[in-house]
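Written out below as structure tokens is the structure these notes cover.
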Amino acid sequence: MTRSAISLIDSLGSLAQKGPLAQEPSDFQARMARAGHWLTLSRGQPLYLAGDLATSVFGLESGGLDIAIPIETGEEVVIHQMKPGEWIGEAALMPDVTRPLSVWSAAESRLFCVPAEAIRRNVAEHPGDIYFFLKFSHRNSILMARLTAELLSLSPQARFARLLLRLATPGGTAQVTQEELGRKAGMSRAAFRRSCAALIDAGAVRIDYGRVHIVDRVQLKRAAALD
């Protein structure tokens with residue numbers, strides 16, 4: 001591997017060490033590094049919205065992304081929080097496709113953006129590159145199937161309780177506003193309000209301004225169908 005290729009791979013930061021890109025050959029990593037650029041999102045800033053034209057693929061190096069889907073009421077509900085190392089946006093490889101989902105930054109996030117036009121040029125010269133995108137599309141399809149299964153098998157209250165357990169620190173506090181919590185809950189506003197009120201009434205959680213405190217972890221795990 002040449003010194004320039006090593007320098008390109010180093011420029012990918014932790015994306016070259018974790019997640020699906022880390023499993024790919026160094027020459028492919030170098031081509032991705034050459035084609036893309038870094039961007040930073042502040043907390044609450046959209047990466048893209050449902051209906052936007054899909055033009056790029058993104059790898060998340062740090063922070064977190066909330067993935068939301070529009071529902072018939074006009075609301076958007078969060079179905080997943082993307083973690084560092086993961087990639088999103090492979091639909092951009094198909095020309096003139098619009099985004100079916102909205103993606104928001106859950107915290108200050110650093111992403112590597114690779115324009116689809118550059119990827120298509122690379123694929124034309126190196127046809128095997130397409131398998132990386134097929135593989136991570138397959139992983140995303142499996143994730144969606146798992147999320148759908150959880151949606152069908154768990155009550156809104158159980159899903160909400162699991163969200164709180166995921167967000168909370170070991171000390172039992174989640175730094176999140178009620179508005180943010182409602183977006184992350186993956187349910188309608190009405191279902192969120194009912195689930196939240198039920199857990200408060202049961203003494204499992206307490207909500208302050210900008211924070212949620214787990215008062216009774218055993219009770220919350222029982223509500224989450226984990227106990």
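Convention: chains lettered A, B, ... in structure tokens order; per-chain residue numbering from 1; ligands numbered from 1 as shown.
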
Any chance you could list, as JSON, numbers by chain, the residues in segment 34-197 of chain A that come up alpha helix (DSSP H) when DSSP is run on the backbone?
{"A": [34, 35, 116, 117, 118, 119, 120, 121, 122, 123, 124, 125, 130, 131, 132, 133, 134, 135, 136, 137, 138, 139, 140, 141, 142, 143, 144, 145, 146, 147, 148, 149, 150, 151, 152, 153, 156, 157, 158, 159, 160, 161, 162, 163, 164, 165, 166, 167, 178, 179, 180, 181, 182, 183, 184, 189, 190, 191, 192, 193, 194, 195, 196, 197]}

Can I get the residues of segment 58-97 of chain A within 10 Å of segment 108-125 of chain A, each with the closest pair of atoms and their distance in Å to one decimal, using only C-alpha atoms, sorted chain first then ascending number, as a tab-separated table?
```
residue	atom	partner	partner_atom	distance
A:Phe58	CA	A:Cys113	CA	4.7
A:Gly59	CA	A:Phe112	CA	5.0
A:Leu60	CA	A:Leu111	CA	4.6
A:Glu61	CA	A:Leu111	CA	5.6
A:Ser62	CA	A:Arg110	CA	5.3
A:Gly63	CA	A:Ser109	CA	4.1
A:Gly64	CA	A:Ser109	CA	6.1
A:Leu65	CA	A:Ser109	CA	7.7
A:Pro84	CA	A:Leu111	CA	9.0
A:Gly85	CA	A:Leu111	CA	9.7
A:Trp87	CA	A:Phe112	CA	9.2
A:Ile88	CA	A:Cys113	CA	10.0
A:Gly89	CA	A:Ala116	CA	9.5
A:Glu90	CA	A:Ala116	CA	8.5
A:Ala91	CA	A:Ala116	CA	9.1
A:Ala92	CA	A:Ala116	CA	5.8
A:Leu93	CA	A:Ala116	CA	5.4
A:Met94	CA	A:Ala116	CA	8.4
A:Pro95	CA	A:Ala116	CA	8.6
```

Could those selected residues go to a file with N, CA and C atoms, as a PDB file, in the first residue's frame?
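The result, written out as part04.pdb:
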```
ATOM      1  N   PHE A  58     -23.603   8.535   3.795  1.00  0.00           N
ATOM      2  CA  PHE A  58     -22.968   9.105   4.978  1.00  0.00           C
ATOM      3  C   PHE A  58     -22.501   8.017   5.940  1.00  0.00           C
ATOM      4  N   GLY A  59     -21.305   8.220   6.489  1.00  0.00           N
ATOM      5  CA  GLY A  59     -20.804   7.385   7.566  1.00  0.00           C
ATOM      6  C   GLY A  59     -20.704   8.227   8.827  1.00  0.00           C
ATOM      7  N   LEU A  60     -21.177   7.703   9.954  1.00  0.00           N
ATOM      8  CA  LEU A  60     -21.192   8.446  11.222  1.00  0.00           C
ATOM      9  C   LEU A  60     -19.947   8.095  12.033  1.00  0.00           C
ATOM     10  N   GLU A  61     -19.088   9.080  12.261  1.00  0.00           N
ATOM     11  CA  GLU A  61     -17.886   8.826  13.063  1.00  0.00           C
ATOM     12  C   GLU A  61     -18.147   9.043  14.547  1.00  0.00           C
ATOM     13  N   SER A  62     -18.875  10.095  14.904  1.00  0.00           N
ATOM     14  CA  SER A  62     -19.142  10.377  16.316  1.00  0.00           C
ATOM     15  C   SER A  62     -20.498  11.043  16.454  1.00  0.00           C
ATOM     16  N   GLY A  63     -21.061  10.966  17.661  1.00  0.00           N
ATOM     17  CA  GLY A  63     -22.389  11.519  17.909  1.00  0.00           C
ATOM     18  C   GLY A  63     -23.457  10.469  17.725  1.00  0.00           C
ATOM     19  N   GLY A  64     -24.600  10.866  17.215  1.00  0.00           N
ATOM     20  CA  GLY A  64     -25.710   9.945  16.994  1.00  0.00           C
ATOM     21  C   GLY A  64     -26.739  10.570  16.075  1.00  0.00           C
ATOM     22  N   LEU A  65     -27.452   9.738  15.337  1.00  0.00           N
ATOM     23  CA  LEU A  65     -28.471  10.211  14.408  1.00  0.00           C
ATOM     24  C   LEU A  65     -29.801   9.524  14.710  1.00  0.00           C
ATOM     25  N   PRO A  84     -22.145   5.471  16.037  1.00  0.00           N
ATOM     26  CA  PRO A  84     -20.889   5.644  15.286  1.00  0.00           C
ATOM     27  C   PRO A  84     -20.418   4.346  14.636  1.00  0.00           C
ATOM     28  N   GLY A  85     -19.880   4.502  13.425  1.00  0.00           N
ATOM     29  CA  GLY A  85     -19.411   3.368  12.642  1.00  0.00           C
ATOM     30  C   GLY A  85     -20.391   2.935  11.573  1.00  0.00           C
ATOM     31  N   TRP A  87     -23.357   3.337   8.528  1.00  0.00           N
ATOM     32  CA  TRP A  87     -23.531   4.111   7.302  1.00  0.00           C
ATOM     33  C   TRP A  87     -25.009   4.160   6.927  1.00  0.00           C
ATOM     34  N   ILE A  88     -25.382   5.219   6.215  1.00  0.00           N
ATOM     35  CA  ILE A  88     -26.772   5.401   5.823  1.00  0.00           C
ATOM     36  C   ILE A  88     -26.842   6.149   4.498  1.00  0.00           C
ATOM     37  N   GLY A  89     -27.949   5.945   3.774  1.00  0.00           N
ATOM     38  CA  GLY A  89     -28.186   6.749   2.583  1.00  0.00           C
ATOM     39  C   GLY A  89     -27.867   6.079   1.272  1.00  0.00           C
ATOM     40  N   GLU A  90     -27.766   4.736   1.276  1.00  0.00           N
ATOM     41  CA  GLU A  90     -27.353   4.038   0.059  1.00  0.00           C
ATOM     42  C   GLU A  90     -28.335   4.176  -1.094  1.00  0.00           C
ATOM     43  N   ALA A  91     -29.570   4.616  -0.805  1.00  0.00           N
ATOM     44  CA  ALA A  91     -30.541   4.843  -1.885  1.00  0.00           C
ATOM     45  C   ALA A  91     -30.041   5.887  -2.879  1.00  0.00           C
ATOM     46  N   ALA A  92     -29.095   6.723  -2.443  1.00  0.00           N
ATOM     47  CA  ALA A  92     -28.564   7.773  -3.313  1.00  0.00           C
ATOM     48  C   ALA A  92     -27.861   7.216  -4.546  1.00  0.00           C
ATOM     49  N   LEU A  93     -27.486   5.940  -4.507  1.00  0.00           N
ATOM     50  CA  LEU A  93     -26.815   5.360  -5.675  1.00  0.00           C
ATOM     51  C   LEU A  93     -27.765   5.207  -6.857  1.00  0.00           C
ATOM     52  N   MET A  94     -29.075   5.270  -6.607  1.00  0.00           N
ATOM     53  CA  MET A  94     -30.057   5.235  -7.693  1.00  0.00           C
ATOM     54  C   MET A  94     -30.405   6.670  -8.071  1.00  0.00           C
ATOM     55  N   PRO A  95     -30.283   7.046  -9.325  1.00  0.00           N
ATOM     56  CA  PRO A  95     -30.533   8.437  -9.723  1.00  0.00           C
ATOM     57  C   PRO A  95     -31.980   8.866  -9.475  1.00  0.00           C
TER      58      PRO A  95
END
```

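If you measure from each of A:Ile67, A:Val212, A:Leu134, A:Ala54 to Gly171 of chain A using only C-alpha atoms, the closest one turns out to be A:Val212.
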
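The coordinates place atom CA of Ala225 of chain A at 28.3 Å from atom CA of Ala107 of chain A.
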
Within 10 Å of segment 21-41 of chain A, which residues of segment 131-205 of chain A come that close, and what is the closest atom pair and distance in Å for each? Count only C-alpha atoms and give it as a tab-separated table.
```
residue	atom	partner	partner_atom	distance
A:Tyr131	CA	A:Glu24	CA	10.0
A:Phe132	CA	A:Glu24	CA	7.6
A:Phe133	CA	A:Leu21	CA	9.9
A:Phe136	CA	A:Leu21	CA	9.2
```

Could you pull the residues within 10 Å of Arg189 of chain A, counting only C-alpha atoms, minus those fewer than 5 positions along the same chain, as a ChimeraX atom specification?
/A:75-77,179,182-183,194-195

For the residues selected in the previous step, produce a file with N, CA, C and O atoms as an mmCIF file, in the first residue's frame.
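So the final result, stored in again-v3.cif, reads:
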```
data_model
loop_
_atom_site.group_PDB
_atom_site.id
_atom_site.type_symbol
_atom_site.label_atom_id
_atom_site.label_comp_id
_atom_site.auth_asym_id
_atom_site.auth_seq_id
_atom_site.Cartn_x
_atom_site.Cartn_y
_atom_site.Cartn_z
ATOM 1 N N GLU A 75 -47.119 13.424 11.472
ATOM 2 C CA GLU A 75 -46.009 13.376 12.407
ATOM 3 C C GLU A 75 -44.870 12.534 11.838
ATOM 4 O O GLU A 75 -45.048 11.779 10.887
ATOM 5 N N GLU A 76 -43.704 12.682 12.452
ATOM 6 C CA GLU A 76 -42.582 11.783 12.181
ATOM 7 C C GLU A 76 -42.211 11.102 13.485
ATOM 8 O O GLU A 76 -42.089 11.764 14.523
ATOM 9 N N VAL A 77 -42.059 9.789 13.449
ATOM 10 C CA VAL A 77 -41.676 9.066 14.657
ATOM 11 C C VAL A 77 -40.299 8.447 14.456
ATOM 12 O O VAL A 77 -39.974 7.948 13.376
ATOM 13 N N GLU A 179 -39.775 17.083 24.582
ATOM 14 C CA GLU A 179 -39.965 17.157 23.126
ATOM 15 C C GLU A 179 -39.056 16.160 22.411
ATOM 16 O O GLU A 179 -39.492 15.435 21.514
ATOM 17 N N GLY A 182 -40.263 12.630 23.088
ATOM 18 C CA GLY A 182 -41.412 12.298 22.256
ATOM 19 C C GLY A 182 -41.006 11.907 20.854
ATOM 20 O O GLY A 182 -41.556 10.969 20.268
ATOM 21 N N ARG A 183 -40.002 12.600 20.295
ATOM 22 C CA ARG A 183 -39.520 12.269 18.949
ATOM 23 C C ARG A 183 -38.829 10.912 18.920
ATOM 24 O O ARG A 183 -38.955 10.147 17.971
ATOM 25 N N ARG A 194 -49.627 8.872 26.911
ATOM 26 C CA ARG A 194 -50.206 7.821 27.753
ATOM 27 C C ARG A 194 -49.118 6.968 28.392
ATOM 28 O O ARG A 194 -49.178 6.650 29.587
ATOM 29 N N SER A 195 -48.123 6.583 27.609
ATOM 30 C CA SER A 195 -47.056 5.728 28.125
ATOM 31 C C SER A 195 -46.236 6.447 29.188
ATOM 32 O O SER A 195 -45.881 5.869 30.223
#
```
